[in-house]
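A.B. asks: My questions all concern the structure below.
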Amino acid sequence: MPAPMRGALMMLVATAAFACMHASIRAASTGLHPFEIAFFRNFFALFFLLPVLMRTGFGVLRTQRLGLYVLRGTLNTAAMLAFFFALSITPLVQVTALSFTAPLFATLGAALILGEMVRGRRWAAILIGFAGTLVILRPGLVALDTGSMLVIGSSAMWALAILCIKKLSATETSVAITVYMALVMAPLTGLAALPFWQWPSGEQYLMLGFIALLGTIAQTCMNQALHEADASAVLPFDFAKLIWTSILGYVLFFEIPDLWTYVGGAMIFGAATYIGIRESRLKRQGKL
C-alpha cells in the first residue's frame with residue numbers, strides 16, 4: 001500500500017477511536033464525575049506505556065528539562081479536565097467542531113510567544129477559523145453555554161501545551177514526552193478527582209480501561225499517520241471525526257445538531273487544516 005494511503009487509513013482509524021472515546025466518556029459520565037474519568041484515563045495509560053518503556057529502556061527518561069515537562073503536564077491537565085467536563089454536558093458534534101480551534105490557538109501562540117513569523121495567508125486562516133467559532137456560538141442570538149466555553153478554554157490550554165512540546169521536541173524523545181505526560185497528569189487529575197471520588201463498579205472499571213485503550217490507539221494511529229505521509233495527505237481526513245461523532249451522538253444520545261454547527265465546524269476545520277499543511281510545507285523548505 002502506498003505511504004499516503006497508509007497514512008490516510010491510519011488517520012481514519014485515529015478519528016474513529018477519538019470519536020468512540022468521546023462517546024464513551026459521555027456515557028461513563030452518567031455514573032462517574034468527568035474528573036475521575038480523566039484520572040483513570042491517565043492512570044491506565046501508564047500501564048499501556050510500560051511495554052514501550054521496557055523496550056526502549058528507562059534511561060530515556062533522563063532529562064534536564066523537568067520544569068518544562070511539569071508545565072506541559074499542568075497545561076494538558078487543565079485542557080483535559082475542561083474537555084471531559086464539556087463532553088458530559090454538550091452535544092458530541094459541537095464539542096468536536098469547537099475542538100478544531102486548537103491549531104488556530106497554537107499558531108497564534110507561536111507568533112506571540114515563540115516569535116514565529118506568521119504571514120498573511122496563515123493570519124487569514126486564523127481569522128476564518130475564529131469566524132467559524134462565532135458561527136457555531138452565534139453570541140447575541142443564542143445564549144452562550146458552559147460546555148462550549150469549556151471546549152474553547154480547553155483548546156487554548158492544549159495550544160499552549162503544543163508550544164511546550166515544540167520546545168521539548170528539540171532535545172527530548174517522543175517516548176519521554178509521552179511518558180512524562182502521563183506521569184505528571186495522573187497525580188494532577190487524581191487530585192482534581194478527589195472531591196468527587198466514588199469507587200467505580202466492575203462494569204465501570206471496564207469502561208474506564210476501554211476509554212484509556214481508545215485514547216492510546218487514537219494517539220498512536222495519529223502519530224503513525226503523520227509519520228507515514230505528509231500532513232497535506234492526512235490532515236483532511238481528520239474531518240471524519242465530525243462524521244463519526246454525528247453518528248454516535250444520534251444513535252447513542254439522540255442528539256441532532258443544527259446546521260450552523262456543521263457550517264462553523266467546516267470553517268474551523270478548513271482553516272486549521274490549511275495552517276497544518278502550510279506549516280508542513282514551510283518546515284520542508286526550512287522557512288519555519
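Residues in the C-alpha cells are numbered from 1 in each chain, the chains being A, B, ... in the order shown, and ligands are numbered from 1 in the order shown.
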Fewer than 3 positions away in the same chain doesn't count, so skip those; otherwise give me all residues within 12 Å of Leu66 of chain A, counting only C-alpha atoms, as an MDAnalysis selection string.
C.D. replies: chainID A and resid 61:63 69:73 164 168 172 176:177 180:181 183:184
A.B. asks: Using only N, CA and C atoms, please write the residues we just selected to a file, as a CSV table (one decimal), in the first residue's frame.
C.D. replies:
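Saved to out_13.csv:
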```csv
chain,number,residue,atom,x,y,z
A,61,LEU,N,14.2,8.4,30.1
A,61,LEU,CA,13.5,9.4,31.0
A,61,LEU,C,14.5,10.4,31.6
A,62,ARG,N,15.8,10.2,31.4
A,62,ARG,CA,16.8,11.2,32.0
A,62,ARG,C,16.6,12.5,31.2
A,63,THR,N,16.5,13.6,32.0
A,63,THR,CA,16.2,14.9,31.4
A,63,THR,C,16.7,16.0,32.3
A,69,TYR,N,8.5,19.9,31.4
A,69,TYR,CA,7.6,18.7,31.4
A,69,TYR,C,6.4,19.0,32.4
A,70,VAL,N,6.7,19.5,33.5
A,70,VAL,CA,5.7,19.7,34.5
A,70,VAL,C,4.7,20.8,34.0
A,71,LEU,N,5.3,21.9,33.4
A,71,LEU,CA,4.4,22.9,32.8
A,71,LEU,C,3.5,22.3,31.7
A,72,ARG,N,4.1,21.5,30.9
A,72,ARG,CA,3.3,20.9,29.8
A,72,ARG,C,2.2,20.0,30.4
A,73,GLY,N,2.5,19.2,31.4
A,73,GLY,CA,1.6,18.3,32.0
A,73,GLY,C,0.5,19.1,32.7
A,164,CYS,N,4.8,24.0,24.3
A,164,CYS,CA,5.8,23.3,25.2
A,164,CYS,C,6.4,22.1,24.5
A,168,LEU,N,10.2,21.0,23.7
A,168,LEU,CA,10.8,19.8,24.2
A,168,LEU,C,11.3,18.9,23.1
A,172,GLU,N,14.3,16.2,23.4
A,172,GLU,CA,13.7,15.1,24.1
A,172,GLU,C,13.1,14.1,23.0
A,176,ALA,N,9.8,9.8,25.7
A,176,ALA,CA,9.9,10.6,27.0
A,176,ALA,C,8.8,11.6,27.1
A,177,ILE,N,8.5,12.3,26.1
A,177,ILE,CA,7.4,13.3,26.1
A,177,ILE,C,6.1,12.7,26.5
A,180,TYR,N,6.3,11.2,30.3
A,180,TYR,CA,6.2,12.2,31.3
A,180,TYR,C,4.8,12.9,31.3
A,181,MET,N,4.1,13.0,30.2
A,181,MET,CA,2.8,13.5,30.2
A,181,MET,C,1.9,12.7,31.1
A,183,LEU,N,2.9,10.6,33.5
A,183,LEU,CA,3.4,10.7,34.9
A,183,LEU,C,3.0,12.0,35.6
A,184,VAL,N,2.9,13.1,34.9
A,184,VAL,CA,2.5,14.3,35.5
A,184,VAL,C,1.0,14.4,35.6
```
A.B. asks: Just list as an NGL selection string whatever in segment 194-224 of chain A DSSP marks as alpha helix (DSSP H).
C.D. replies: :A and (202-224)
A.B. asks: Given the selection you just returned, output its residues as a file containing C-alpha atoms, formatted as a PDB file, in the first residue's frame.
C.D. replies:
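The resulting file, result-v9.pdb, is reproduced below:
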```pdb
ATOM      1  CA  GLY A 202     -16.634  -3.642  37.903  1.00  0.00           C
ATOM      2  CA  GLU A 203     -18.510  -2.596  34.771  1.00  0.00           C
ATOM      3  CA  GLN A 204     -17.306   0.994  35.147  1.00  0.00           C
ATOM      4  CA  TYR A 205     -13.685  -0.185  35.510  1.00  0.00           C
ATOM      5  CA  LEU A 206     -14.058  -1.973  32.166  1.00  0.00           C
ATOM      6  CA  MET A 207     -15.443   1.203  30.596  1.00  0.00           C
ATOM      7  CA  LEU A 208     -12.592   3.291  32.025  1.00  0.00           C
ATOM      8  CA  GLY A 209      -9.998   0.829  30.737  1.00  0.00           C
ATOM      9  CA  PHE A 210     -11.721   0.906  27.344  1.00  0.00           C
ATOM     10  CA  ILE A 211     -11.511   4.731  27.304  1.00  0.00           C
ATOM     11  CA  ALA A 212      -7.775   4.610  28.078  1.00  0.00           C
ATOM     12  CA  LEU A 213      -7.223   1.963  25.388  1.00  0.00           C
ATOM     13  CA  LEU A 214      -9.130   4.015  22.791  1.00  0.00           C
ATOM     14  CA  GLY A 215      -7.096   7.099  23.664  1.00  0.00           C
ATOM     15  CA  THR A 216      -3.834   5.165  23.292  1.00  0.00           C
ATOM     16  CA  ILE A 217      -4.933   3.713  19.932  1.00  0.00           C
ATOM     17  CA  ALA A 218      -6.055   7.131  18.697  1.00  0.00           C
ATOM     18  CA  GLN A 219      -2.796   8.868  19.631  1.00  0.00           C
ATOM     19  CA  THR A 220      -0.655   6.066  18.221  1.00  0.00           C
ATOM     20  CA  CYS A 221      -2.523   5.931  14.907  1.00  0.00           C
ATOM     21  CA  MET A 222      -2.459   9.717  14.512  1.00  0.00           C
ATOM     22  CA  ASN A 223       1.305   9.821  15.150  1.00  0.00           C
ATOM     23  CA  GLN A 224       1.828   6.946  12.715  1.00  0.00           C
TER      24      GLN A 224
END
```
A.B. asks: Could you list, as a ChimeraX atom specification, every residue within 12 Å of Glu255 of chain A, counting only C-alpha atoms and ignoring same-chain residues fewer than 3 positions away?
C.D. replies: /A:23,89-94,245-252,258
A.B. asks: What does the structure give for the distance between atom CA of Ala28 of chain A and atom CA of Pro200 of chain A, in Å to one decimal?
C.D. replies: 10.2 Å
A.B. asks: So, with only C-alpha atoms as the atoms that count, which of A:Arg281, A:Lys166, A:Arg119, A:Lys241 lies closest to Ala266 of chain A?
C.D. replies: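 Ranking A:Arg281, A:Lys166, A:Arg119, A:Lys241 by distance to Ala266 of chain A, first place goes to A:Lys241.
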A.B. asks: Between atom CA of Ala159 of chain A and atom CA of Gly265 of chain A, what is the spacing in Å?
C.D. replies: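 Going from atom CA of Gly265 of chain A over to atom CA of Ala159 of chain A, I get 18.0 Å.
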A.B. asks: What lies within 8 Å of Trp244 of chain A using only C-alpha atoms, ignoring chain neighbours under 4 positions off, as an mmCIF file with C-alpha atoms, in the first residue's frame?
C.D. replies:
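around-v2.cif written:
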```cif
data_model
loop_
_atom_site.group_PDB
_atom_site.id
_atom_site.type_symbol
_atom_site.label_atom_id
_atom_site.label_comp_id
_atom_site.auth_asym_id
_atom_site.auth_seq_id
_atom_site.Cartn_x
_atom_site.Cartn_y
_atom_site.Cartn_z
ATOM 1 C CA THR A 15 -10.579 9.699 14.159
ATOM 2 C CA ALA A 16 -12.864 6.710 14.772
ATOM 3 C CA ALA A 19 -14.940 9.647 18.424
ATOM 4 C CA ALA A 240 -14.070 12.357 9.715
ATOM 5 C CA LEU A 248 -22.595 8.249 17.592
#
```
A.B. asks: Which one is closest to Arg6 of chain A: A:Ser155, A:Ala271, A:Arg284, A:Ala225? Count only C-alpha atoms.
C.D. replies: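 Once distances to Arg6 of chain A are computed over only C-alpha atoms, the minimum belongs to A:Ala225.
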